[in-house]
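Shown here: protein.cif, mmCIF, C-alpha atoms.
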```cif
data_structure
#
loop_
_atom_site.label_atom_id
_atom_site.label_comp_id
_atom_site.auth_asym_id
_atom_site.auth_seq_id
_atom_site.Cartn_x
_atom_site.Cartn_y
_atom_site.Cartn_z
CA MET A 1 -58.44 7.74 132.88
CA THR A 2 -57.84 4.05 133.30
CA GLU A 3 -58.70 2.30 136.56
CA LYS A 4 -55.01 2.08 137.42
CA GLN A 5 -54.50 5.80 136.77
CA GLU A 6 -57.41 6.59 139.11
CA HIS A 7 -55.71 4.62 141.89
CA LEU A 8 -52.39 6.37 141.17
CA LEU A 9 -54.08 9.77 141.27
CA GLN A 10 -55.58 9.02 144.69
CA LEU A 11 -52.15 8.03 146.01
CA PHE A 12 -50.70 11.11 144.32
CA ARG A 13 -53.22 13.39 146.13
CA GLU A 14 -52.60 11.81 149.51
CA LEU A 15 -48.82 12.12 149.19
CA ASP A 16 -49.25 15.78 148.26
CA GLU A 17 -51.42 16.28 151.36
CA ILE A 18 -48.79 14.63 153.58
CA CYS A 19 -46.04 16.82 152.11
CA LYS A 20 -48.08 20.00 152.69
CA LYS A 21 -48.90 19.12 156.30
CA ASN A 22 -45.28 18.23 157.10
CA ASN A 23 -43.65 21.04 155.11
CA LEU A 24 -41.85 18.60 152.82
CA ARG A 25 -40.85 19.67 149.33
CA TYR A 26 -41.15 17.53 146.22
CA VAL A 27 -41.45 17.88 142.44
CA MET A 28 -43.09 15.56 139.95
CA ALA A 29 -40.85 14.37 137.15
CA GLY A 30 -40.43 11.93 134.26
CA GLY A 31 -43.48 10.97 132.21
CA THR A 32 -45.71 12.66 134.79
CA ALA A 33 -44.10 16.00 133.87
CA ILE A 34 -44.59 15.32 130.15
CA GLY A 35 -48.24 14.53 130.87
CA VAL A 36 -48.89 17.80 132.72
CA VAL A 37 -47.62 19.79 129.71
CA ARG A 38 -49.19 17.72 126.92
CA ASN A 39 -52.43 16.61 128.55
CA GLU A 40 -52.82 18.45 131.89
CA GLY A 41 -52.86 14.93 133.30
CA PHE A 42 -51.76 11.42 132.52
CA ILE A 43 -50.28 10.51 129.16
CA PRO A 44 -53.07 8.19 127.91
CA TRP A 45 -50.87 5.08 127.89
CA ASP A 46 -48.83 5.96 131.00
CA ASP A 47 -49.05 3.57 133.94
CA ASP A 48 -46.82 5.08 136.63
CA VAL A 49 -46.07 8.30 138.52
CA ASP A 50 -42.58 9.67 139.22
CA MET A 51 -41.86 11.90 142.21
CA VAL A 52 -38.51 13.31 143.39
CA VAL A 53 -37.73 14.32 146.97
CA GLU A 54 -34.58 15.72 148.53
CA ARG A 55 -32.61 13.36 150.75
CA LYS A 56 -33.13 15.50 153.86
CA TYR A 57 -36.92 14.98 153.67
CA ILE A 58 -37.03 11.25 152.92
CA GLU A 59 -37.22 9.71 156.39
CA ARG A 60 -39.82 12.22 157.56
CA LEU A 61 -41.92 11.52 154.46
CA LEU A 62 -41.81 7.74 154.80
CA ASP A 63 -42.56 7.90 158.54
CA ALA A 64 -45.52 10.20 157.84
CA ILE A 65 -46.93 7.83 155.17
CA GLU A 66 -46.73 4.83 157.50
CA GLN A 67 -48.29 6.76 160.40
CA ARG A 68 -51.07 8.38 158.37
CA TYR A 69 -52.09 5.38 156.23
CA PRO A 70 -50.96 2.17 157.95
CA ASP A 71 -53.86 0.16 156.49
CA ARG A 72 -53.73 1.63 152.99
CA TYR A 73 -50.09 1.84 151.88
CA PHE A 74 -46.75 0.18 152.52
CA VAL A 75 -43.27 1.53 151.88
CA GLU A 76 -40.29 -0.16 150.26
CA ALA A 77 -37.03 1.75 150.55
CA PRO A 78 -33.27 1.05 150.42
CA LEU A 79 -31.83 0.02 153.80
CA ARG A 80 -35.29 0.32 155.34
CA THR A 81 -37.03 -2.69 153.79
CA PRO A 82 -35.36 -6.12 154.24
CA GLY A 83 -34.71 -7.84 150.93
CA TYR A 84 -35.48 -4.76 148.83
CA LEU A 85 -32.94 -4.39 146.01
CA SER A 86 -33.87 -1.23 144.06
CA SER A 87 -32.07 2.10 144.53
CA PHE A 88 -35.28 4.18 144.53
CA ILE A 89 -38.35 4.10 146.80
CA GLN A 90 -41.80 2.64 146.11
CA ILE A 91 -45.10 3.40 147.84
CA HIS A 92 -47.56 0.52 147.26
CA ARG A 93 -51.33 0.39 147.64
CA LYS A 94 -52.24 -2.53 149.89
CA ASN A 95 -54.69 -5.19 148.70
CA THR A 96 -53.86 -4.57 145.04
CA VAL A 97 -51.59 -6.47 142.67
CA CYS A 98 -49.55 -5.01 139.82
CA ARG A 99 -46.88 -7.64 139.28
CA GLU A 100 -44.00 -6.86 136.92
CA TYR A 101 -41.45 -9.51 138.00
CA LEU A 102 -41.98 -13.15 138.92
CA GLU A 103 -39.04 -12.98 141.31
CA ILE A 104 -40.88 -10.47 143.54
CA PRO A 105 -43.59 -12.00 145.77
CA GLU A 106 -47.12 -11.03 144.82
CA GLU A 107 -47.81 -9.48 148.23
CA ARG A 108 -45.08 -6.91 147.50
CA CYS A 109 -46.49 -5.92 144.09
CA GLY A 110 -49.21 -3.37 144.75
CA ILE A 111 -50.09 -0.44 142.50
CA LYS A 112 -47.28 1.98 143.27
CA ILE A 113 -45.66 5.38 142.93
CA ASP A 114 -41.88 5.63 142.49
CA ILE A 115 -39.96 8.18 144.56
CA PHE A 116 -36.46 9.10 143.41
CA VAL A 117 -34.09 10.72 145.88
CA VAL A 118 -32.35 13.99 145.08
CA GLU A 119 -28.78 13.94 146.37
CA ASN A 120 -26.38 16.83 146.85
CA THR A 121 -23.20 16.79 144.84
CA TYR A 122 -20.07 18.89 144.78
CA ASP A 123 -19.66 22.29 143.16
CA ASN A 124 -15.99 21.51 142.58
CA ALA A 125 -15.81 19.89 139.12
CA PHE A 126 -13.14 17.33 140.07
CA LEU A 127 -14.95 16.19 143.24
CA ARG A 128 -18.25 16.07 141.34
CA ARG A 129 -16.70 13.91 138.65
CA LEU A 130 -15.17 11.60 141.27
CA HIS A 131 -18.50 11.37 143.08
CA GLY A 132 -20.23 10.43 139.85
CA MET A 133 -17.68 7.81 138.83
CA ARG A 134 -17.88 6.09 142.21
CA VAL A 135 -21.68 6.09 142.23
CA GLU A 136 -21.93 4.86 138.62
CA ALA A 137 -19.50 2.01 139.36
CA GLY A 138 -21.47 1.07 142.46
CA LEU A 139 -24.80 1.10 140.61
CA LEU A 140 -23.32 -1.13 137.92
CA LEU A 141 -22.26 -3.64 140.57
CA LEU A 142 -25.74 -3.60 142.09
CA SER A 143 -27.24 -4.13 138.64
CA CYS A 144 -25.04 -7.20 138.24
CA TYR A 145 -26.06 -8.43 141.70
CA ARG A 146 -29.78 -8.12 140.85
CA MET A 147 -29.18 -9.78 137.49
CA TYR A 148 -27.56 -12.74 139.23
CA LEU A 149 -30.40 -13.09 141.76
CA TRP A 150 -33.08 -12.82 139.05
CA ARG A 151 -31.11 -14.51 136.26
CA ASN A 152 -33.69 -17.23 135.54
CA GLU A 153 -36.41 -14.66 134.83
CA PHE A 154 -34.10 -12.53 132.67
CA TYR A 155 -32.93 -15.57 130.67
CA LYS A 156 -36.58 -16.39 129.91
CA LEU A 157 -37.20 -12.83 128.73
CA SER A 158 -34.11 -12.92 126.48
CA ARG A 159 -34.98 -16.10 124.57
CA GLY A 160 -34.11 -15.65 120.90
CA ASN A 161 -31.96 -12.59 121.59
CA LYS A 162 -28.34 -13.73 121.61
CA LYS A 163 -26.94 -10.29 122.43
CA ALA A 164 -29.21 -9.88 125.46
CA ALA A 165 -28.45 -13.40 126.68
CA THR A 166 -24.69 -12.69 126.46
CA MET A 167 -25.11 -9.50 128.48
CA ILE A 168 -27.17 -11.32 131.11
CA HIS A 169 -24.56 -14.07 131.33
CA LEU A 170 -21.73 -11.55 131.82
CA LYS A 171 -23.54 -9.46 134.41
CA SER A 172 -24.73 -12.57 136.25
CA PHE A 173 -21.14 -13.79 136.42
CA ILE A 174 -20.03 -10.51 138.02
CA GLY A 175 -23.06 -10.59 140.32
CA ARG A 176 -22.19 -14.09 141.45
CA LEU A 177 -18.71 -12.91 142.48
CA ILE A 178 -20.08 -10.17 144.74
CA ALA A 179 -23.15 -12.09 145.97
CA PRO A 180 -21.50 -13.20 149.26
CA THR A 181 -21.02 -9.51 150.13
CA GLY A 182 -24.12 -8.20 148.33
CA LYS A 183 -25.65 -6.55 151.40
CA PHE A 184 -22.40 -4.70 152.09
CA TRP A 185 -22.27 -3.33 148.53
CA TYR A 186 -25.92 -2.34 148.62
CA ALA A 187 -25.35 -0.26 151.78
CA HIS A 188 -22.04 1.06 150.47
CA VAL A 189 -23.60 2.44 147.29
CA GLN A 190 -26.29 4.18 149.32
CA ARG A 191 -23.55 5.84 151.36
CA LEU A 192 -21.72 6.85 148.18
CA MET A 193 -24.84 8.59 146.89
CA GLN A 194 -25.00 10.64 150.11
CA MET A 195 -21.31 11.64 150.18
CA CYS A 196 -21.93 15.37 149.75
CA SER A 197 -23.64 16.85 152.82
CA ASN A 198 -23.95 20.41 151.47
CA ASP A 199 -27.70 21.11 151.24
CA GLN A 200 -26.93 24.44 149.55
CA SER A 201 -24.74 23.02 146.78
CA GLU A 202 -25.24 24.54 143.35
CA TYR A 203 -25.51 21.07 141.78
CA ILE A 204 -27.84 18.21 142.63
CA VAL A 205 -28.27 14.75 141.11
CA VAL A 206 -30.84 11.94 140.98
CA PRO A 207 -28.47 8.93 140.68
CA SER A 208 -31.24 6.32 140.82
CA GLY A 209 -33.01 7.93 137.86
CA ARG A 210 -33.27 6.45 134.37
CA LYS A 211 -30.15 8.29 133.09
CA HIS A 212 -28.02 7.59 136.18
CA PHE A 213 -25.61 10.06 137.74
CA PHE A 214 -24.20 12.07 134.86
CA GLY A 215 -27.43 12.09 132.87
CA GLU A 216 -29.38 13.26 135.94
CA LEU A 217 -27.00 16.03 137.00
CA LYS A 218 -28.78 19.39 137.29
CA LEU A 219 -28.52 22.86 138.78
CA ARG A 220 -30.49 23.05 142.01
CA SER A 221 -32.11 26.32 140.91
CA ASP A 222 -33.31 24.78 137.60
CA PHE A 223 -34.86 21.63 139.02
CA LEU A 224 -35.97 22.14 142.61
CA CYS A 225 -37.58 25.55 142.17
CA ALA A 226 -41.20 24.39 141.84
CA GLN A 227 -44.57 25.76 140.83
CA LYS A 228 -48.10 24.38 140.93
CA ARG A 229 -49.63 22.99 137.75
CA LYS A 230 -53.01 21.41 137.14
CA PHE A 231 -52.78 17.65 136.72
CA GLU A 232 -56.18 16.01 136.16
CA ASP A 233 -58.40 17.48 138.93
CA HIS A 234 -55.69 18.64 141.33
CA GLU A 235 -52.66 20.94 141.49
CA PHE A 236 -49.24 19.43 142.15
CA LEU A 237 -45.67 20.74 142.18
CA PHE A 238 -43.55 20.51 139.03
CA PRO A 239 -40.19 22.07 138.09
CA LYS A 240 -40.75 25.77 137.40
CA ASN A 241 -38.42 25.62 134.41
CA ILE A 242 -40.27 22.59 133.05
CA ASP A 243 -39.46 23.21 129.39
CA TRP A 244 -35.74 23.15 130.16
CA TYR A 245 -36.12 20.00 132.29
CA LEU A 246 -38.12 18.04 129.71
CA SER A 247 -35.89 19.12 126.83
CA TYR A 248 -32.83 18.10 128.84
CA MET A 249 -34.28 14.69 129.66
CA TYR A 250 -36.28 13.82 126.52
CA GLY A 251 -35.38 16.15 123.66
CA ASN A 252 -38.50 16.95 121.59
CA TYR A 253 -40.87 15.94 124.36
CA MET A 254 -43.97 17.31 122.60
CA ASP A 255 -43.56 14.79 119.78
CA ILE A 256 -45.90 11.84 120.41
CA PRO A 257 -43.93 8.62 119.87
CA PRO A 258 -45.29 5.87 117.61
CA LYS A 259 -47.15 3.11 119.43
CA GLU A 260 -44.25 0.64 119.26
CA LYS A 261 -41.91 3.11 121.04
CA ARG A 262 -44.21 4.13 123.88
CA GLU A 263 -42.77 3.21 127.26
CA GLN A 264 -44.98 0.85 129.24
CA HIS A 265 -44.30 -1.68 131.96
CA VAL A 266 -44.89 -5.37 131.38
CA VAL A 267 -47.60 -6.35 133.86
CA LEU A 268 -47.84 -10.08 134.61
CA LYS A 269 -50.83 -9.80 136.92
CA TYR A 270 -53.18 -6.91 137.76
CA GLN A 271 -55.84 -7.03 140.47
CA VAL A 272 -57.68 -4.41 142.51
#
```
Would you write out, as structure tokens, the structure that this file holds?
Amino acid sequence: MTEKQEHLLQLFRELDEICKKNNLRYVMAGGTAIGVVRNEGFIPWDDDVDMVVERKYIERLLDAIEQRYPDRYFVEAPLRTPGYLSSFIQIHRKNTVCREYLEIPEERCGIKIDIFVVENTYDNAFLRRLHGMRVEAGLLLLSCYRMYLWRNEFYKLSRGNKKAATMIHLKSFIGRLIAPTGKFWYAHVQRLMQMCSNDQSEYIVVPSGRKHFFGELKLRSDFLCAQKRKFEDHEFLFPKNIDWYLSYMYGNYMDIPPKEKREQHVVLKYQV
């Protein structure tokens, strides 16, 4: 394991302990789930951990983290952390730096785990479609808003790529139009995600995930039914039907991608 993976694993263990003590359910997802199948641990080049938690457990989980480890970790979450603009949650290790964006202050860039919220959605196909369309539109607006606020950094990254620069210009223009009411839209999209209050719905969704609403739509029984699997030196909870989940999300997930196609974050500064 790399040094960063060792820090992530420690955070991973302590979140698992908190969930057990507080009877909070979670499942590990994304590249972490690929790693548990391929390697019984981290993908060698992986540098993050993805965790999903149902909406009804989120506030209890975040409160428990802050109460149990006030000197070790800090939480960033939508509508809970002033100035935070992402639609998912991050748990950062204090006194570390893993900076991916210049626009985010260094003190808010610790080594982190991402938590994605599982939302209920409607069993009725029309209402589910309407829910998804509204959430997708709202997330697009928020993406434009972030692009406008961070436009200088994105323009630097797009140098020499005319297509990317055009996209940044267009999204920044839209973001500028909604910037005066940006906080309203940020809160509104969070409310849209939580529209369905049925905790027993057949369908669930992770709208802040990489494939957005319609690409993250799943049957509750397929995704949230969990089982323990060995990951490095510990057992954590993963989707019981993990082959279905990984095939749904990644296709031939056992195929190791060539080096140039491996997903890694750009780290501008790393310090522990």
_Counting all atoms listed in the file, the option among A:Ala33, A:Val27, A:Ile43, A:Ala164 closest to A:Arg262_ = A:Ile43
_Here's the selection I'm unsure about, the PyMOL selection byres ((chain A and resi 14-19) around 10); applied to the file above, which residues does it give, as a PyMOL selection string?_
chain A and resi 8-13+20-27+51+57+60-62+64-65+68-69+91+113+234-237
_Reference answer for the PyMOL selection byres ((chain A and resi 189-194) around 10), as an MDAnalysis selection string_ = chainID A and resid 55 78:79 87 117:121 131:132 134:139 141:142 184:188 195:198 205:208 213
The selected residues should be written to file as a PDB file, in the frame of the given file (atoms: C-alpha atoms).
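selection10.pdb, freshly written:
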```pdb
ATOM      1  CA  ARG A  55     -32.610  13.360 150.750  1.00  0.00           C
ATOM      2  CA  PRO A  78     -33.270   1.050 150.420  1.00  0.00           C
ATOM      3  CA  LEU A  79     -31.830   0.020 153.800  1.00  0.00           C
ATOM      4  CA  SER A  87     -32.070   2.100 144.530  1.00  0.00           C
ATOM      5  CA  VAL A 117     -34.090  10.720 145.880  1.00  0.00           C
ATOM      6  CA  VAL A 118     -32.350  13.990 145.080  1.00  0.00           C
ATOM      7  CA  GLU A 119     -28.780  13.940 146.370  1.00  0.00           C
ATOM      8  CA  ASN A 120     -26.380  16.830 146.850  1.00  0.00           C
ATOM      9  CA  THR A 121     -23.200  16.790 144.840  1.00  0.00           C
ATOM     10  CA  HIS A 131     -18.500  11.370 143.080  1.00  0.00           C
ATOM     11  CA  GLY A 132     -20.230  10.430 139.850  1.00  0.00           C
ATOM     12  CA  ARG A 134     -17.880   6.090 142.210  1.00  0.00           C
ATOM     13  CA  VAL A 135     -21.680   6.090 142.230  1.00  0.00           C
ATOM     14  CA  GLU A 136     -21.930   4.860 138.620  1.00  0.00           C
ATOM     15  CA  ALA A 137     -19.500   2.010 139.360  1.00  0.00           C
ATOM     16  CA  GLY A 138     -21.470   1.070 142.460  1.00  0.00           C
ATOM     17  CA  LEU A 139     -24.800   1.100 140.610  1.00  0.00           C
ATOM     18  CA  LEU A 141     -22.260  -3.640 140.570  1.00  0.00           C
ATOM     19  CA  LEU A 142     -25.740  -3.600 142.090  1.00  0.00           C
ATOM     20  CA  PHE A 184     -22.400  -4.700 152.090  1.00  0.00           C
ATOM     21  CA  TRP A 185     -22.270  -3.330 148.530  1.00  0.00           C
ATOM     22  CA  TYR A 186     -25.920  -2.340 148.620  1.00  0.00           C
ATOM     23  CA  ALA A 187     -25.350  -0.260 151.780  1.00  0.00           C
ATOM     24  CA  HIS A 188     -22.040   1.060 150.470  1.00  0.00           C
ATOM     25  CA  MET A 195     -21.310  11.640 150.180  1.00  0.00           C
ATOM     26  CA  CYS A 196     -21.930  15.370 149.750  1.00  0.00           C
ATOM     27  CA  SER A 197     -23.640  16.850 152.820  1.00  0.00           C
ATOM     28  CA  ASN A 198     -23.950  20.410 151.470  1.00  0.00           C
ATOM     29  CA  VAL A 205     -28.270  14.750 141.110  1.00  0.00           C
ATOM     30  CA  VAL A 206     -30.840  11.940 140.980  1.00  0.00           C
ATOM     31  CA  PRO A 207     -28.470   8.930 140.680  1.00  0.00           C
ATOM     32  CA  SER A 208     -31.240   6.320 140.820  1.00  0.00           C
ATOM     33  CA  PHE A 213     -25.610  10.060 137.740  1.00  0.00           C
TER      34      PHE A 213
END
```
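Remark: for A:Lys228, the closest of the candidate residues A:Ile58, A:Leu246, A:Met28, A:Met1 is A:Met28 (distances computed over all atoms listed in the file).
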*Find, counting all atoms listed in the file, the residue in A:Asp50, A:Glu3, A:Glu100, A:Asp123 that gets nearest to A:Ser201.*
A:Asp123
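For the atom pair formed by atom CA of A:Cys144 and atom CA of A:Arg176, the distance is 8.1 Å, given to one decimal.
Going from atom CA of A:Ala226 over to atom CA of A:Gly41, you cover 17.3 Å.
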*Using the chain letters and numbers from the file, give me the residues hit by the PyMOL selection byres ((chain A and resi 149-160) around 12), as a PyMOL selection string.*
chain A and resi 83+85+100-104+142-148+161-180+182+266
_Who sits within 9 Å of stretch 222-224 of chain A, all atoms listed in the file, same chain under 6 positions skipped, as a list of chain:residue names_ = A:Arg25, A:Tyr26, A:Val27, A:Glu54, A:Ile204, A:Phe238, A:Pro239, A:Lys240, A:Asn241, A:Ile242, A:Trp244, A:Tyr245
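You can rank A:Asn39, A:Glu263, A:Lys94, A:Glu216 by their closest distance to A:Glu106 using all atoms listed in the file, and at the top of that list sits A:Lys94.
Using only C-alpha atoms, the protein and nucleic acid residues lying no more than 12 Å from A:Asp243, apart from those fewer than 4 places from it along its own chain, are Ala29, Ala33, Ile34, Val36, Val37, Arg38, Asp222, Phe223, Phe238, Pro239, Ser247, Tyr248, Met249, Tyr250, Gly251, Asn252, Tyr253 and Met254 of chain A.
Atom CA of A:Val52 to atom CA of A:Thr32 spans 11.2 Å [interatomic distance, one decimal].
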*If we count all atoms listed in the file, what is near stretch 270-272 of chain A at a cut-off of 7 Å, once residues fewer than 5 positions away on the same chain are taken out, given as a ChimeraX atom specification?*
/A:95-99
Build an axis-aligned box that encloses every atom of stretch 108-112 of chain A listed in the file, pad it by 3 Å on each side, and report its centre and edge lengths in Å to one decimal, as JSON.
```
{"center_x": -47.6, "center_y": -2.5, "center_z": 145.0, "size_x": 11.0, "size_y": 14.9, "size_z": 11.0}
```
